[in-house]
>>> print(open('coords23.json').read())   # JSON, C-alpha atoms
[["chain", "number", "residue", "atom", "x", "y", "z"],
["A", 1, "MET", "CA", 0.00, 0.00, 0.00],
["A", 2, "PHE", "CA", 1.51, 3.30, -1.12],
["A", 3, "GLU", "CA", 1.36, 6.46, 0.98],
["A", 4, "TYR", "CA", 0.82, 9.29, -1.46],
["A", 5, "ALA", "CA", 1.58, 12.07, 1.01],
["A", 6, "ALA", "CA", 2.93, 12.71, 4.49],
["A", 7, "SER", "CA", 1.81, 15.42, 6.90],
["A", 8, "ASP", "CA", 4.59, 17.51, 8.31],
["A", 9, "GLY", "CA", 5.75, 20.95, 9.34],
["A", 10, "ALA", "CA", 7.69, 23.75, 7.68],
["A", 11, "LEU", "CA", 10.21, 21.41, 6.05],
["A", 12, "SER", "CA", 9.67, 18.34, 3.91],
["A", 13, "PRO", "CA", 10.28, 15.02, 5.68],
["A", 14, "GLY", "CA", 12.52, 14.27, 2.70],
["A", 15, "LEU", "CA", 15.07, 16.64, 4.25],
["A", 16, "LEU", "CA", 16.15, 14.01, 6.74],
["A", 17, "ALA", "CA", 18.90, 16.08, 8.36],
["A", 18, "TRP", "CA", 16.59, 19.02, 9.05],
["A", 19, "ALA", "CA", 12.89, 18.26, 9.30],
["A", 20, "ASN", "CA", 10.98, 18.12, 12.58],
["A", 21, "TYR", "CA", 7.91, 15.90, 12.60],
["A", 22, "THR", "CA", 4.50, 17.27, 13.52],
["A", 23, "ILE", "CA", 4.34, 14.95, 16.53],
["A", 24, "SER", "CA", 6.75, 17.39, 18.20],
["A", 25, "PHE", "CA", 4.38, 20.34, 17.68],
["A", 26, "ALA", "CA", 1.69, 20.51, 20.37],
["A", 27, "CYS", "CA", -0.39, 22.92, 18.30],
["A", 28, "TYR", "CA", -0.80, 20.29, 15.56],
["A", 29, "ASP", "CA", -2.99, 18.14, 17.80],
["A", 30, "THR", "CA", -6.64, 18.10, 16.68],
["A", 31, "ASN", "CA", -8.89, 19.45, 19.45],
["A", 32, "LEU", "CA", -12.22, 20.74, 18.18],
["A", 33, "ASP", "CA", -13.49, 21.70, 21.63],
["A", 34, "ARG", "CA", -10.39, 23.81, 22.26],
["A", 35, "ALA", "CA", -10.79, 25.41, 18.83],
["A", 36, "ARG", "CA", -14.36, 26.43, 19.72],
["A", 37, "GLU", "CA", -13.15, 27.83, 23.04],
["A", 38, "LEU", "CA", -10.51, 29.93, 21.31],
["A", 39, "LEU", "CA", -13.07, 31.22, 18.81],
["A", 40, "ALA", "CA", -15.37, 32.23, 21.68],
["A", 41, "GLU", "CA", -12.47, 33.96, 23.49],
["A", 42, "ALA", "CA", -11.72, 35.88, 20.29],
["A", 43, "GLY", "CA", -15.34, 37.08, 20.09],
["A", 44, "TYR", "CA", -16.65, 34.53, 17.58],
["A", 45, "PRO", "CA", -18.75, 32.07, 19.63],
["A", 46, "ASN", "CA", -20.77, 31.22, 16.52],
["A", 47, "GLY", "CA", -17.81, 31.15, 14.15],
["A", 48, "PHE", "CA", -17.38, 33.52, 11.23],
["A", 49, "GLU", "CA", -17.29, 33.67, 7.45],
["A", 50, "THR", "CA", -14.07, 33.75, 5.46],
["A", 51, "SER", "CA", -12.66, 32.63, 2.12],
["A", 52, "ILE", "CA", -9.87, 30.57, 0.61],
["A", 53, "LEU", "CA", -8.23, 31.70, -2.62],
["A", 54, "THR", "CA", -6.90, 28.90, -4.78],
["A", 55, "PHE", "CA", -6.68, 27.74, -8.41],
["A", 56, "GLY", "CA", -7.90, 24.78, -10.43],
["A", 57, "THR", "CA", -5.06, 24.01, -12.81],
["A", 58, "ILE", "CA", -3.64, 21.42, -10.39],
["A", 59, "GLN", "CA", -6.43, 19.23, -9.03],
["A", 60, "VAL", "CA", -4.80, 18.39, -5.71],
["A", 61, "VAL", "CA", -4.64, 22.10, -4.79],
["A", 62, "SER", "CA", -8.38, 22.74, -5.09],
["A", 63, "ASP", "CA", -9.05, 19.37, -3.45],
["A", 64, "VAL", "CA", -7.02, 20.40, -0.40],
["A", 65, "ALA", "CA", -8.91, 23.71, -0.23],
["A", 66, "GLN", "CA", -12.20, 21.80, -0.08],
["A", 67, "VAL", "CA", -10.88, 19.47, 2.63],
["A", 68, "VAL", "CA", -9.83, 22.50, 4.72],
["A", 69, "GLN", "CA", -13.27, 24.01, 4.09],
["A", 70, "ALA", "CA", -14.96, 20.88, 5.48],
["A", 71, "GLN", "CA", -12.65, 20.72, 8.49],
["A", 72, "LEU", "CA", -13.19, 24.36, 9.46],
["A", 73, "ARG", "CA", -16.94, 23.90, 9.15],
["A", 74, "GLN", "CA", -16.73, 21.52, 12.12],
["A", 75, "VAL", "CA", -15.99, 24.45, 14.44],
["A", 76, "GLY", "CA", -18.43, 26.90, 12.84],
["A", 77, "ILE", "CA", -16.12, 28.65, 10.36],
["A", 78, "ASP", "CA", -17.97, 29.07, 7.06],
["A", 79, "VAL", "CA", -15.44, 29.12, 4.22],
["A", 80, "ASP", "CA", -16.07, 30.12, 0.62],
["A", 81, "VAL", "CA", -13.56, 28.44, -1.73],
["A", 82, "ASN", "CA", -12.68, 30.77, -4.59],
["A", 83, "ILE", "CA", -11.13, 28.65, -7.37],
["A", 84, "ALA", "CA", -9.67, 31.44, -9.47],
["A", 85, "GLU", "CA", -8.06, 31.46, -12.90],
["A", 86, "PHE", "CA", -4.34, 30.98, -12.29],
["A", 87, "GLY", "CA", -3.35, 34.51, -13.32],
["A", 88, "ALA", "CA", -5.98, 35.97, -10.98],
["A", 89, "PHE", "CA", -4.71, 33.74, -8.18],
["A", 90, "VAL", "CA", -1.12, 34.94, -8.68],
["A", 91, "GLN", "CA", -2.29, 38.56, -8.74],
["A", 92, "GLY", "CA", -4.19, 38.13, -5.47],
["A", 93, "TRP", "CA", -1.27, 36.25, -3.93],
["A", 94, "ARG", "CA", 1.29, 38.89, -4.91],
["A", 95, "ASN", "CA", -0.91, 41.70, -3.63],
["A", 96, "SER", "CA", -1.63, 39.90, -0.32],
["A", 97, "ASP", "CA", -5.30, 40.11, -1.31],
["A", 98, "PHE", "CA", -6.68, 37.04, 0.48],
["A", 99, "ASP", "CA", -8.03, 35.83, 3.80],
["A", 100, "MET", "CA", -6.39, 32.44, 3.25],
["A", 101, "PHE", "CA", -4.98, 30.65, 0.24],
["A", 102, "VAL", "CA", -4.07, 27.09, -0.72],
["A", 103, "SER", "CA", -1.16, 26.54, -3.04],
["A", 104, "LEU", "CA", 1.95, 24.45, -3.64],
["A", 105, "ASN", "CA", 5.40, 25.52, -2.57],
["A", 106, "GLY", "CA", 8.95, 24.42, -3.08],
["A", 107, "GLY", "CA", 12.35, 24.88, -1.56],
["A", 108, "SER", "CA", 15.80, 23.39, -1.79],
["A", 109, "SER", "CA", 17.97, 20.85, -0.03],
["A", 110, "ASP", "CA", 18.98, 23.56, 2.47],
["A", 111, "PRO", "CA", 16.27, 25.01, 4.77],
["A", 112, "ASP", "CA", 17.33, 28.57, 4.02],
["A", 113, "GLY", "CA", 16.16, 28.20, 0.41],
["A", 114, "TYR", "CA", 12.50, 28.19, 1.47],
["A", 115, "LEU", "CA", 12.33, 29.53, 5.00],
["A", 116, "HIS", "CA", 14.20, 32.83, 4.63],
["A", 117, "ARG", "CA", 12.34, 34.22, 1.62],
["A", 118, "THR", "CA", 8.98, 33.13, 3.04],
["A", 119, "PHE", "CA", 9.18, 34.18, 6.70],
["A", 120, "VAL", "CA", 11.78, 36.92, 7.10],
["A", 121, "THR", "CA", 10.31, 40.41, 7.47],
["A", 122, "GLY", "CA", 9.96, 41.82, 3.95],
["A", 123, "GLY", "CA", 10.91, 38.51, 2.31],
["A", 124, "SER", "CA", 10.30, 38.12, -1.43],
["A", 125, "THR", "CA", 7.52, 35.55, -0.93],
["A", 126, "ASN", "CA", 6.33, 36.77, 2.47],
["A", 127, "VAL", "CA", 2.91, 37.69, 1.08],
["A", 128, "PHE", "CA", 1.44, 37.29, 4.59],
["A", 129, "LEU", "CA", 3.30, 40.44, 5.71],
["A", 130, "PHE", "CA", 4.44, 38.30, 8.62],
["A", 131, "SER", "CA", 6.99, 39.84, 10.96],
["A", 132, "ASP", "CA", 8.50, 38.24, 14.07],
["A", 133, "PRO", "CA", 11.85, 39.54, 15.40],
["A", 134, "ALA", "CA", 12.65, 36.14, 16.94],
["A", 135, "VAL", "CA", 12.07, 34.42, 13.60],
["A", 136, "ASP", "CA", 14.16, 37.04, 11.79],
["A", 137, "GLU", "CA", 17.02, 36.45, 14.22],
["A", 138, "LEU", "CA", 16.91, 32.66, 13.77],
["A", 139, "LEU", "CA", 16.70, 32.95, 9.98],
["A", 140, "ASN", "CA", 19.70, 35.23, 9.82],
["A", 141, "LEU", "CA", 21.67, 33.01, 12.20],
["A", 142, "GLY", "CA", 20.80, 30.02, 10.04],
["A", 143, "ARG", "CA", 22.27, 31.55, 6.92],
["A", 144, "THR", "CA", 25.41, 32.93, 8.58],
["A", 145, "THR", "CA", 26.39, 29.94, 10.76],
["A", 146, "SER", "CA", 28.72, 27.37, 9.21],
["A", 147, "ASP", "CA", 28.73, 24.70, 11.91],
["A", 148, "MET", "CA", 26.27, 21.97, 10.89],
["A", 149, "ALA", "CA", 25.21, 20.99, 14.43],
["A", 150, "GLU", "CA", 24.54, 24.62, 15.31],
["A", 151, "ARG", "CA", 22.49, 25.10, 12.14],
["A", 152, "VAL", "CA", 20.39, 22.02, 12.89],
["A", 153, "ASN", "CA", 19.66, 23.43, 16.36],
["A", 154, "ILE", "CA", 18.75, 26.83, 14.91],
["A", 155, "TYR", "CA", 16.31, 25.33, 12.41],
["A", 156, "ASP", "CA", 14.83, 23.05, 15.09],
["A", 157, "HIS", "CA", 13.91, 26.13, 17.13],
["A", 158, "LEU", "CA", 12.69, 27.94, 14.03],
["A", 159, "GLN", "CA", 10.38, 25.11, 12.94],
["A", 160, "LYS", "CA", 8.82, 24.87, 16.40],
["A", 161, "ARG", "CA", 8.15, 28.60, 16.52],
["A", 162, "LEU", "CA", 6.72, 28.73, 13.01],
["A", 163, "ALA", "CA", 4.51, 25.69, 13.61],
["A", 164, "CYS", "CA", 2.48, 27.41, 16.31],
["A", 165, "THR", "CA", 2.87, 31.14, 15.61],
["A", 166, "GLY", "CA", 3.66, 31.35, 11.90],
["A", 167, "PRO", "CA", 1.25, 32.33, 9.10],
["A", 168, "ILE", "CA", 1.23, 28.96, 7.29],
["A", 169, "SER", "CA", -0.31, 25.61, 8.09],
["A", 170, "HIS", "CA", 1.85, 23.13, 6.20],
["A", 171, "ILE", "CA", -0.59, 20.36, 5.34],
["A", 172, "ALA", "CA", 1.16, 17.61, 3.40],
["A", 173, "TYR", "CA", 4.12, 16.68, 1.26],
["A", 174, "GLY", "CA", 3.55, 14.47, -1.75],
["A", 175, "THR", "CA", 5.43, 11.20, -2.05],
["A", 176, "LEU", "CA", 7.77, 11.08, -5.04],
["A", 177, "PHE", "CA", 7.73, 7.96, -7.18],
["A", 178, "SER", "CA", 10.32, 6.95, -9.76],
["A", 179, "ALA", "CA", 10.28, 3.85, -11.96],
["A", 180, "VAL", "CA", 13.80, 2.60, -12.63],
["A", 181, "SER", "CA", 14.88, -0.43, -14.63],
["A", 182, "ASP", "CA", 17.15, -3.03, -13.03],
["A", 183, "ASP", "CA", 19.66, -2.07, -15.72],
["A", 184, "VAL", "CA", 20.01, 1.47, -14.34],
["A", 185, "GLU", "CA", 22.80, 2.17, -11.87],
["A", 186, "GLY", "CA", 23.52, 5.34, -9.90],
["A", 187, "PHE", "CA", 20.07, 6.93, -10.02],
["A", 188, "GLN", "CA", 19.30, 9.20, -7.06],
["A", 189, "GLN", "CA", 15.91, 10.63, -6.22],
["A", 190, "LEU", "CA", 16.07, 14.08, -4.61],
["A", 191, "PRO", "CA", 13.26, 15.69, -2.57],
["A", 192, "THR", "CA", 13.49, 18.79, -4.79],
["A", 193, "ARG", "CA", 12.68, 16.66, -7.90],
["A", 194, "SER", "CA", 16.04, 17.74, -9.30],
["A", 195, "LEU", "CA", 17.68, 15.37, -11.80],
["A", 196, "ARG", "CA", 21.16, 16.82, -11.24],
["A", 197, "TYR", "CA", 22.69, 13.36, -10.75],
["A", 198, "LEU", "CA", 21.27, 11.98, -13.99],
["A", 199, "ARG", "CA", 24.67, 12.63, -15.61],
["A", 200, "GLU", "CA", 26.14, 9.98, -13.31],
["A", 201, "VAL", "CA", 23.62, 7.28, -14.25],
["A", 202, "THR", "CA", 24.84, 4.32, -16.27],
["A", 203, "LEU", "CA", 23.17, 1.41, -18.01],
["A", 204, "ARG", "CA", 24.41, -2.14, -17.62]]
>>> encode(input="coords23.json", output="structure tokens")
Amino acid sequence: MFEYAASDGALSPGLLAWANYTISFACYDTNLDRARELLAEAGYPNGFETSILTFGTIQVVSDVAQVVQAQLRQVGIDVDVNIAEFGAFVQGWRNSDFDMFVSLNGGSSDPDGYLHRTFVTGGSTNVFLFSDPAVDELLNLGRTTSDMAERVNIYDHLQKRLACTGPISHIAYGTLFSAVSDDVEGFQQLPTRSLRYLREVTLR
């Protein structure tokens, strides 16, 4: 039985040296009663209406938006899913013109490739206008520290902070599948989908 996706936090579980698993994030536990309590404390005892911006050119994206819609309905949040034409989605995304959005994202084999541009204050893909001095400090330490053990510790702290206070709920990472003949030697599958090592592949 294949698993087509894995739930996880800010980094793909394919980044074995870096990724923290959601089991280590207390805020990832499902607790509908606590969610209703928090809504009531925030002044929304009967929930509220909101919207999700997404696009339909990749089926899994709009599917995820509808799953989130159904899950939020359980605590009284009424979500309208706006499946926009892709250009309109990009325009809304760039202009930070959304309540929520569902999309796909990518990074690199180093955490800095995704985390810095997305979460640093004023980052190029920080469309949430998110700003947290503690996150900024960790991000800048991560990209200026050369010691591997220290960097792992920095990104551990960063993932935990982003999981519970950041602007993104990272839902799932798709499983990558590759079909390779027994005659192929040296093939490596990378979590970034890169085929950079294809030049080293040989056929018997």
>>> residues_near_point(input="coords23.json", point="(-11.1, 20.5, -2.6)", cutoff="12 Å", atoms="all atoms listed in the file", output="list in words")
Ile52, Leu53, Thr54, Phe55, Gly56, Ile58, Gln59, Val60, Val61, Ser62, Asp63, Val64, Ala65, Gln66, Val67, Val68, Gln69, Ala70, Gln71, Val79, Asp80, Val81, Asn82, Ile83, Val102 and Ser103 of chain A
>>> atom_distance(input="coords23.json", atom1="CA of Asn105 (chain A)", atom2="CA of Val120 (chain A)")
16.3 Å
>>> closest_residue(input="coords23.json", among="A:Thr50, A:Ala42, A:Arg36, A:Asp112", to="Val75 (chain A)", atoms="only C-alpha atoms")
A:Arg36
>>> atom_distance(input="coords23.json", atom1="CA of Arg199 (chain A)", atom2="CA of Gly186 (chain A)")
9.3 Å
>>> residues_around(input="coords23.json", residues="region 17-27 of chain A", least_positions_apart="6", cutoff="7 Å", atoms="only C-alpha atoms", output="PyMOL selection string")
chain A and resi 8-9+11+152+156+160+163-164
>>> closest_residue(input="coords23.json", among="A:Ser51, A:Thr202, A:Ser194, A:Gln159", to="Ser109 (chain A)", atoms="all atoms listed in the file")
A:Ser194
>>> closest_residue(input="coords23.json", among="A:Asn31, A:Ser131, A:Thr57, A:Asn153", to="Phe86 (chain A)", atoms="all atoms listed in the file")
A:Thr57
>>> closest_residue(input="coords23.json", among="A:Gly142, A:Pro45, A:Gly76, A:Pro167", to="Phe119 (chain A)", atoms="all atoms listed in the file")
A:Pro167
>>> closest_residue(input="coords23.json", among="A:Asn140, A:Ser169, A:Asn126, A:Ser181", to="Met100 (chain A)", atoms="only C-alpha atoms")
A:Ser169
>>> axis_aligned_box(input="coords23.json", around="region 138-150 of chain A", padding_each_side="8 Å", output="JSON")
{"center_x": 22.7, "center_y": 28.1, "center_z": 11.1, "size_x": 28.0, "size_y": 30.2, "size_z": 24.4}
>>> atom_distance(input="coords23.json", atom1="CA of Leu176 (chain A)", atom2="CA of Leu203 (chain A)")
22.3 Å
>>> residues_around(input="coords23.json", residues="Ser96 (chain A)", least_positions_apart="2", cutoff="7 Å", atoms="only C-alpha atoms", output="list in words")
Gly92, Trp93, Arg94, Phe98, Val127 and Phe128 of chain A
>>> residues_near_point(input="coords23.json", point="(15.5, 27.9, 1.0)", cutoff="12 Å", atoms="only C-alpha atoms", output="list of chain:residue names")
A:Ala10, A:Leu11, A:Ser12, A:Leu15, A:Asn105, A:Gly106, A:Gly107, A:Ser108, A:Ser109, A:Asp110, A:Pro111, A:Asp112, A:Gly113, A:Tyr114, A:Leu115, A:His116, A:Arg117, A:Thr118, A:Phe119, A:Val120, A:Gly123, A:Ser124, A:Thr125, A:Leu139, A:Gly142, A:Arg143, A:Tyr155, A:Thr192
>>> write_last_selection(input="coords23.json", atoms="C-alpha atoms", output="tab-separated table (two decimals), in the frame of the given file")
chain	number	residue	atom	x	y	z
A	10	ALA	CA	7.69	23.75	7.68
A	11	LEU	CA	10.21	21.41	6.05
A	12	SER	CA	9.67	18.34	3.91
A	15	LEU	CA	15.07	16.64	4.25
A	105	ASN	CA	5.40	25.52	-2.57
A	106	GLY	CA	8.95	24.42	-3.08
A	107	GLY	CA	12.35	24.88	-1.56
A	108	SER	CA	15.80	23.39	-1.79
A	109	SER	CA	17.97	20.85	-0.03
A	110	ASP	CA	18.98	23.56	2.47
A	111	PRO	CA	16.27	25.01	4.77
A	112	ASP	CA	17.33	28.57	4.02
A	113	GLY	CA	16.16	28.20	0.41
A	114	TYR	CA	12.50	28.19	1.47
A	115	LEU	CA	12.33	29.53	5.00
A	116	HIS	CA	14.20	32.83	4.63
A	117	ARG	CA	12.34	34.22	1.62
A	118	THR	CA	8.98	33.13	3.04
A	119	PHE	CA	9.18	34.18	6.70
A	120	VAL	CA	11.78	36.92	7.10
A	123	GLY	CA	10.91	38.51	2.31
A	124	SER	CA	10.30	38.12	-1.43
A	125	THR	CA	7.52	35.55	-0.93
A	139	LEU	CA	16.70	32.95	9.98
A	142	GLY	CA	20.80	30.02	10.04
A	143	ARG	CA	22.27	31.55	6.92
A	155	TYR	CA	16.31	25.33	12.41
A	192	THR	CA	13.49	18.79	-4.79
